[in-house]
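What follows is a set of notes on a single structure, which appears directly below.
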Amino acid sequence: MVRDLPMPGLLFVHSSHKDLRRAFRREGRVDWSASLPLVLEKHGYLGVASRPWSVLRDRSAWTEFDGIVIARQADEAWRPELVEALAEGPRPVLIEGPVPQPLRDALGIRTAEPADPEGVLAATDPGLAGAAASFGASRTGRLGSPTARHVPRDPSMDWRVLDVPVTEPQADAWNRRGWVAERWAVDPGTEVLAEWRPAQSGPRSPAIVRRGHLIATALSLFAALTQAHTAEPWSGEEFRSSPRSLGVEFLLLALLDEMYRSAGLVRPRVLPWPRGGRWAMNVRHDFDRPLPPFRVADALARHNAAGTAATWYWRSRHLRWRRGQLRQRVRPALNRKALRLVAAHPRMEVAHHTERPWAGAEKERRAIERVVGQPILGTSAHGDPSCFRFQGAPNLLWAEQQRLLYTEFLERSHYGLHRFATLRPDGVVAPLRVLCLPHHESLDRSIDPESADEARIATAAEAFSSVGGFLQVMNHPDINLDALFRVISELPAEGRLDWTAARAADWWRRSHVRDHLQVESLERGAFRITSSLGVQDLALELLYPSGERRTRIVTLGEEATTVVSTRLVGDSA
């Protein structure tokens, strides 16, 4: 693991673990803001040093950094002399709101009142809007609570009656909205960079403002974005979904880029995919029903012709005899043969379609592994009402316990992979090791052979490719194969990586997890990159104060370090 050494770059200041535990114990409150770097690493912003609030007591400890990002703190922490020091300091400062009176005075905020915490954040400053749009999405983004719809589920499969390590106080706190918002009125000398548009009622109001070196948000933006990277334990027979937060994330990245620009510094960012790749696609085959080996071989041949890669999510029940099974039906021996065909193919992967997490799913996994002769690296949940299905955090906690590389993340629809923000029993938020795959896009609307939704896949491919995402096209291999390969043939191929889920997750772990890759700012215009796992053809984007972008390609072995120059000489890779 790469050590967390003191380093220049962005300084992220957060509450101490002691304060986080105290807030949870006394108020049942979760401080999601403290884990903002989990969101930033997903976008390749790895040059971030996390420090507790005490770092601000010594001015010499923070003036060396390229910029300062401060998570929401208690009002009493903001002494007037600290506000003055930050305002007069040499580097820009971004402060998560709501903010106390000393900061309001420094920022020119005349009034502050509670506002609807759900709504739309929209850039109004043309420069910020353009910078956000350059990442590939709208300059606006929505924040809101999840909505739920009823789905049937076997009561014996509810996480509360199984041995899931989540306490009731923990679940209650996990289910609360973790952010608030204010409606501000500002002085004429204060720049308004973005506004807040409430979902229910109330006028628009300044949401991100700047005065001198200080930038502040009228809502607890870091908390909202971090909570968008978790999934609370669900209740009973329901399926939850939340609005995509990507537009808001891109606004935050644009703010960070503006901080680098105003400081006259080069911003480093690891791009999503290796050299030559702009986005990635995987075909997700849910093997819900038995399929004869000759049919599987046909699907593999069609993948060969299309140059695509697929992850086959297998149910272990297809590998054993069941009472009442007729011999003229596809026998387990044939299912095992079909499974081995998939496992032997170099562009295919076998994963686990779980039925009973926390109730014997590890036995299901071992049954599959005995047939394929290699470890299973990832899972998705089978949706039958008799199964555990997806219940939020418990699914992720089970995958972490099993030391899996990846699993699905269904509540919030992200475009890229990321780590999961888990709430520990003591109230501290921390990332899990297991990686979350974005929500799949379903070609099959039902088991009806005529259910293919080709237009949906085409639209999704356009969206995922524009932001460098990882698109999973979900298909059951016993239906709609003609439609699947027809729509794939029409998707843009330029810059597309056709990868299995395991390959994408392995790349992401090497390139976008701060535990395994770090980027440090050095003097005289250079960055030091350190890798613990090794990484090949890493693309480091350098954004110069002039707006010019250049890319450096880096290959590192395990526990290796290299230095990348920012001098504007030669051609970009």
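Please note that chains go A, B, ... in the order of the structure tokens, that every chain numbers its residues from 1, and that ligands are numbered from 1 in the order shown.
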
Item checked: Residues within 10 Å of Val434 of chain A, only C-alpha atoms, excluding chain neighbours under 3 positions, as a PyMOL selection string -> chain A and resi 377-378+396-407+418-420+431+437+505+509

Note to self: So that I can check the surroundings of segment 481-486 of chain A, please list as a VMD selection string every protein, DNA and RNA residue that reaches within 7 Å of it, counting only C-alpha atoms and ignoring chain neighbours fewer than 3 positions away.
What the structure shows: chain A and resid 452 454 477 489 to 490

For the selection you just gave me, I'd like the residues written to a file as a PDB file, in the first residue's frame, keeping C-alpha atoms.
```
ATOM      1  CA  ALA A 452     -35.324  -6.082 -26.860  1.00  0.00           C
ATOM      2  CA  GLU A 454     -32.284  -1.459 -28.854  1.00  0.00           C
ATOM      3  CA  PRO A 477     -28.107 -15.277 -23.528  1.00  0.00           C
ATOM      4  CA  SER A 489     -22.645  -3.353 -34.514  1.00  0.00           C
ATOM      5  CA  GLU A 490     -24.170   0.130 -34.641  1.00  0.00           C
TER       6      GLU A 490
END
```

Per residue of segment 208-327 of chain A within 12 Å of segment 69-87 of chain A, what are the shortest atom pair and its distance in Å to one decimal, counting only C-alpha atoms, with rows by chain and residue number, as a Markdown table?
```
| residue | atom | partner | partner_atom | distance |
| --- | --- | --- | --- | --- |
| A:Arg210 | CA | A:Ala87 | CA | 11.0 |
| A:Arg211 | CA | A:Ala87 | CA | 8.8 |
| A:Gly212 | CA | A:Ala87 | CA | 7.1 |
| A:His213 | CA | A:Ala87 | CA | 5.7 |
| A:Leu214 | CA | A:Ala87 | CA | 6.0 |
| A:Ile215 | CA | A:Val69 | CA | 9.4 |
| A:Ala216 | CA | A:Ile70 | CA | 9.4 |
| A:Thr217 | CA | A:Arg72 | CA | 9.9 |
| A:Ala218 | CA | A:Arg72 | CA | 10.8 |
| A:Leu219 | CA | A:Arg72 | CA | 9.5 |
| A:Ser220 | CA | A:Arg72 | CA | 6.9 |
| A:Leu221 | CA | A:Ala71 | CA | 9.0 |
| A:Phe222 | CA | A:Ala71 | CA | 6.9 |
| A:Ala223 | CA | A:Ala71 | CA | 8.4 |
| A:Ala224 | CA | A:Ala71 | CA | 11.7 |
| A:Thr226 | CA | A:Ala71 | CA | 11.6 |
| A:Leu252 | CA | A:Val69 | CA | 10.9 |
| A:Leu253 | CA | A:Val69 | CA | 11.9 |
| A:Leu255 | CA | A:Val69 | CA | 10.5 |
| A:Leu256 | CA | A:Val69 | CA | 8.8 |
| A:Met259 | CA | A:Val69 | CA | 9.9 |
| A:Tyr260 | CA | A:Val69 | CA | 12.0 |
```

Check: When DSSP works through the backbone of this structure, what residues of segment 172-357 of chain A end up as strand (DSSP E), shown as a PyMOL selection string?
Finding: chain A and resi 181-186+191-198+205-211+214-217+238-241+267-270+279-287+310-314+348-354

Convert the current residue selection to file output with N, CA and C atoms, as a compact mmCIF listing (two decimals), in the first residue's frame.
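Full text of selection_34.txt as output:
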```txt
# COMPACT_ATOMS: atom_id res chain seq x y z
N ALA A 181 -29.13 22.72 3.07
CA ALA A 181 -28.91 23.83 2.15
C ALA A 181 -29.43 25.12 2.77
N GLU A 182 -28.87 26.24 2.31
CA GLU A 182 -29.32 27.56 2.74
C GLU A 182 -29.63 28.43 1.52
N ARG A 183 -30.49 29.42 1.76
CA ARG A 183 -30.79 30.42 0.74
C ARG A 183 -30.05 31.69 1.12
N TRP A 184 -29.14 32.10 0.24
CA TRP A 184 -28.29 33.25 0.53
C TRP A 184 -28.72 34.48 -0.28
N ALA A 185 -28.45 35.65 0.30
CA ALA A 185 -28.45 36.92 -0.43
C ALA A 185 -27.06 37.51 -0.23
N VAL A 186 -26.45 38.03 -1.31
CA VAL A 186 -25.05 38.44 -1.24
C VAL A 186 -24.89 39.90 -1.66
N GLU A 191 -19.02 37.47 -6.17
CA GLU A 191 -19.31 36.76 -7.42
C GLU A 191 -20.21 35.56 -7.15
N VAL A 192 -21.23 35.40 -7.94
CA VAL A 192 -22.09 34.22 -7.87
C VAL A 192 -21.71 33.29 -9.03
N LEU A 193 -21.20 32.11 -8.68
CA LEU A 193 -20.73 31.15 -9.67
C LEU A 193 -21.80 30.13 -10.05
N ALA A 194 -22.71 29.85 -9.11
CA ALA A 194 -23.78 28.88 -9.37
C ALA A 194 -24.96 29.21 -8.47
N GLU A 195 -26.15 28.74 -8.87
CA GLU A 195 -27.34 29.00 -8.08
C GLU A 195 -28.05 27.70 -7.73
N TRP A 196 -28.87 27.77 -6.68
CA TRP A 196 -29.64 26.63 -6.20
C TRP A 196 -31.10 26.83 -6.59
N ARG A 197 -31.67 25.80 -7.24
CA ARG A 197 -33.06 25.84 -7.66
C ARG A 197 -33.82 24.78 -6.87
N PRO A 198 -34.56 25.16 -5.84
CA PRO A 198 -35.23 24.18 -4.98
C PRO A 198 -36.21 23.31 -5.76
N SER A 205 -31.44 30.98 -5.62
CA SER A 205 -30.55 31.78 -4.77
C SER A 205 -29.11 31.38 -5.03
N PRO A 206 -28.14 32.25 -4.67
CA PRO A 206 -26.74 31.91 -4.87
C PRO A 206 -26.37 30.63 -4.13
N ALA A 207 -25.67 29.73 -4.82
CA ALA A 207 -25.28 28.45 -4.22
C ALA A 207 -23.78 28.29 -4.09
N ILE A 208 -23.03 28.89 -5.01
CA ILE A 208 -21.56 28.91 -4.91
C ILE A 208 -21.13 30.34 -5.16
N VAL A 209 -20.40 30.90 -4.20
CA VAL A 209 -19.98 32.30 -4.31
C VAL A 209 -18.47 32.40 -4.10
N ARG A 210 -17.91 33.51 -4.60
CA ARG A 210 -16.47 33.74 -4.45
C ARG A 210 -16.22 35.20 -4.12
N ARG A 211 -15.29 35.39 -3.21
CA ARG A 211 -14.82 36.74 -2.91
C ARG A 211 -13.33 36.63 -2.60
N LEU A 214 -11.51 33.26 -1.35
CA LEU A 214 -12.47 32.37 -0.70
C LEU A 214 -13.63 32.00 -1.63
N ILE A 215 -13.93 30.71 -1.69
CA ILE A 215 -15.10 30.19 -2.39
C ILE A 215 -15.90 29.37 -1.39
N ALA A 216 -17.22 29.49 -1.40
CA ALA A 216 -18.05 28.73 -0.45
C ALA A 216 -19.32 28.24 -1.14
N THR A 217 -19.86 27.17 -0.60
CA THR A 217 -21.11 26.59 -1.12
C THR A 217 -22.22 26.78 -0.10
N GLU A 238 -38.81 -3.50 -1.22
CA GLU A 238 -38.71 -2.27 -2.00
C GLU A 238 -37.45 -2.30 -2.86
N PHE A 239 -37.47 -1.45 -3.88
CA PHE A 239 -36.27 -1.17 -4.68
C PHE A 239 -36.13 0.34 -4.74
N ARG A 240 -34.96 0.84 -4.38
CA ARG A 240 -34.74 2.28 -4.33
C ARG A 240 -33.88 2.73 -5.50
N SER A 241 -34.14 3.93 -5.95
CA SER A 241 -33.30 4.55 -6.97
C SER A 241 -33.19 6.04 -6.68
N ARG A 267 -2.90 21.52 -13.19
CA ARG A 267 -3.75 20.52 -12.53
C ARG A 267 -3.52 19.14 -13.13
N PRO A 268 -3.16 18.15 -12.30
CA PRO A 268 -3.01 16.78 -12.82
C PRO A 268 -4.29 15.98 -12.60
N ARG A 269 -4.60 15.14 -13.58
CA ARG A 269 -5.76 14.26 -13.45
C ARG A 269 -5.49 12.96 -14.21
N VAL A 270 -5.74 11.83 -13.57
CA VAL A 270 -5.63 10.55 -14.25
C VAL A 270 -6.91 10.32 -15.05
N TRP A 279 -13.72 5.13 -23.54
CA TRP A 279 -14.78 4.55 -22.72
C TRP A 279 -14.67 3.04 -22.84
N ALA A 280 -15.43 2.32 -22.05
CA ALA A 280 -15.35 0.86 -22.05
C ALA A 280 -16.74 0.26 -22.04
N MET A 281 -16.85 -0.94 -22.63
CA MET A 281 -18.14 -1.62 -22.70
C MET A 281 -17.97 -3.09 -22.36
N ASN A 282 -18.97 -3.62 -21.68
CA ASN A 282 -19.02 -5.03 -21.32
C ASN A 282 -20.43 -5.54 -21.59
N VAL A 283 -20.53 -6.75 -22.16
CA VAL A 283 -21.83 -7.40 -22.26
C VAL A 283 -22.03 -8.23 -21.01
N ARG A 284 -23.10 -7.95 -20.30
CA ARG A 284 -23.43 -8.68 -19.08
C ARG A 284 -24.47 -9.74 -19.44
N HIS A 285 -24.04 -11.00 -19.46
CA HIS A 285 -24.96 -12.11 -19.72
C HIS A 285 -25.43 -12.69 -18.38
N ASP A 286 -26.71 -12.49 -18.06
CA ASP A 286 -27.28 -13.11 -16.86
C ASP A 286 -27.78 -14.51 -17.24
N PHE A 287 -27.07 -15.54 -16.77
CA PHE A 287 -27.38 -16.92 -17.13
C PHE A 287 -28.45 -17.43 -16.17
N ALA A 310 -17.50 -10.36 -22.63
CA ALA A 310 -18.71 -10.54 -21.83
C ALA A 310 -18.38 -11.15 -20.48
N THR A 311 -19.17 -10.77 -19.49
CA THR A 311 -19.14 -11.38 -18.16
C THR A 311 -20.44 -12.14 -17.99
N TRP A 312 -20.32 -13.44 -17.75
CA TRP A 312 -21.48 -14.33 -17.62
C TRP A 312 -21.75 -14.55 -16.13
N TYR A 313 -22.89 -14.07 -15.65
CA TYR A 313 -23.26 -14.22 -14.24
C TYR A 313 -24.07 -15.51 -14.09
N TRP A 314 -23.47 -16.48 -13.39
CA TRP A 314 -23.99 -17.84 -13.34
C TRP A 314 -24.69 -18.13 -12.03
N MET A 348 -13.94 -13.89 -22.30
CA MET A 348 -15.11 -14.09 -21.46
C MET A 348 -14.68 -14.22 -19.99
N GLU A 349 -15.65 -14.04 -19.11
CA GLU A 349 -15.42 -14.18 -17.67
C GLU A 349 -16.66 -14.79 -17.04
N VAL A 350 -16.45 -15.67 -16.07
CA VAL A 350 -17.55 -16.23 -15.30
C VAL A 350 -17.61 -15.51 -13.96
N ALA A 351 -18.77 -14.96 -13.62
CA ALA A 351 -19.01 -14.31 -12.34
C ALA A 351 -20.20 -15.01 -11.67
N HIS A 352 -20.58 -14.53 -10.51
CA HIS A 352 -21.56 -15.23 -9.67
C HIS A 352 -22.86 -14.43 -9.61
N HIS A 353 -23.95 -15.06 -10.01
CA HIS A 353 -25.29 -14.47 -9.88
C HIS A 353 -25.85 -14.98 -8.54
N THR A 354 -25.73 -14.19 -7.49
CA THR A 354 -26.04 -14.67 -6.15
C THR A 354 -27.54 -14.81 -5.93
```

Next item on the list: Would you mind writing down, as an NGL selection string, each residue of segment 51-207 of chain A that DSSP on the backbone assigns to alpha helix (DSSP H)?
Entry: :A and (80-88 or 101-107 or 126-133 or 168-174)

Item checked: Pick from A:Arg22, A:Arg91, A:His414, A:Arg275, whichever lies nearest to Gly247 of chain A using only C-alpha atoms ->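 Comparing A:Arg22, A:Arg91, A:His414, A:Arg275 against Gly247 of chain A, the winner is A:His414.
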
Note to self: Just checking: using only C-alpha atoms, which residue out of A:Ala463, A:Ala504, A:Ala309, A:Met474 ends up closest to Leu417 of chain A?
What the structure shows: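 Looking only at the distances to Leu417 of chain A, the closest residue turns out to be A:Ala504.
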
Margin query: Taking only C-alpha atoms into account, name the residue in A:Phe24, A:Glu41, A:Pro332, A:Glu64 that is nearest to Leu517 of chain A.
Written below: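 So, comparing all the options, the nearest one is A:Glu41.
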
Next item on the list: With a distance cut-off of 12 Å and only C-alpha atoms, select the neighbouring residues of Gly127 of chain A, excluding the residue or stretch itself and same-chain residues fewer than 4 positions from it, and output the selection as number ranges by chain.
Entry: A: 123, 131-134, 139, 192-194, 251, 254-255, 257-258, 261, 547

Notebook entry, point to check: Can you list, as a VMD selection string, every protein, DNA or RNA residue that comes within 9 Å of Gly136 of chain A when you count only C-alpha atoms, leaving out same-chain residues fewer than 4 positions away?
Noted result: chain A and resid 132 250 463 465 to 468

Item checked: Gly534 of chain A surroundings by only C-alpha atoms, 6 Å radius, close-in-sequence under 6 positions cut, as a ChimeraX atom specification -> /A:556-558

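Atom CA of Val342 of chain A is found 12.2 Å from atom CA of Thr500 of chain A.
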
Checklist line | Counting only C-alpha atoms, the residue of A:Val513, A:Ala560, A:Val473, A:Leu271 that sits nearest Leu543 of chain A | finding: A:Leu271
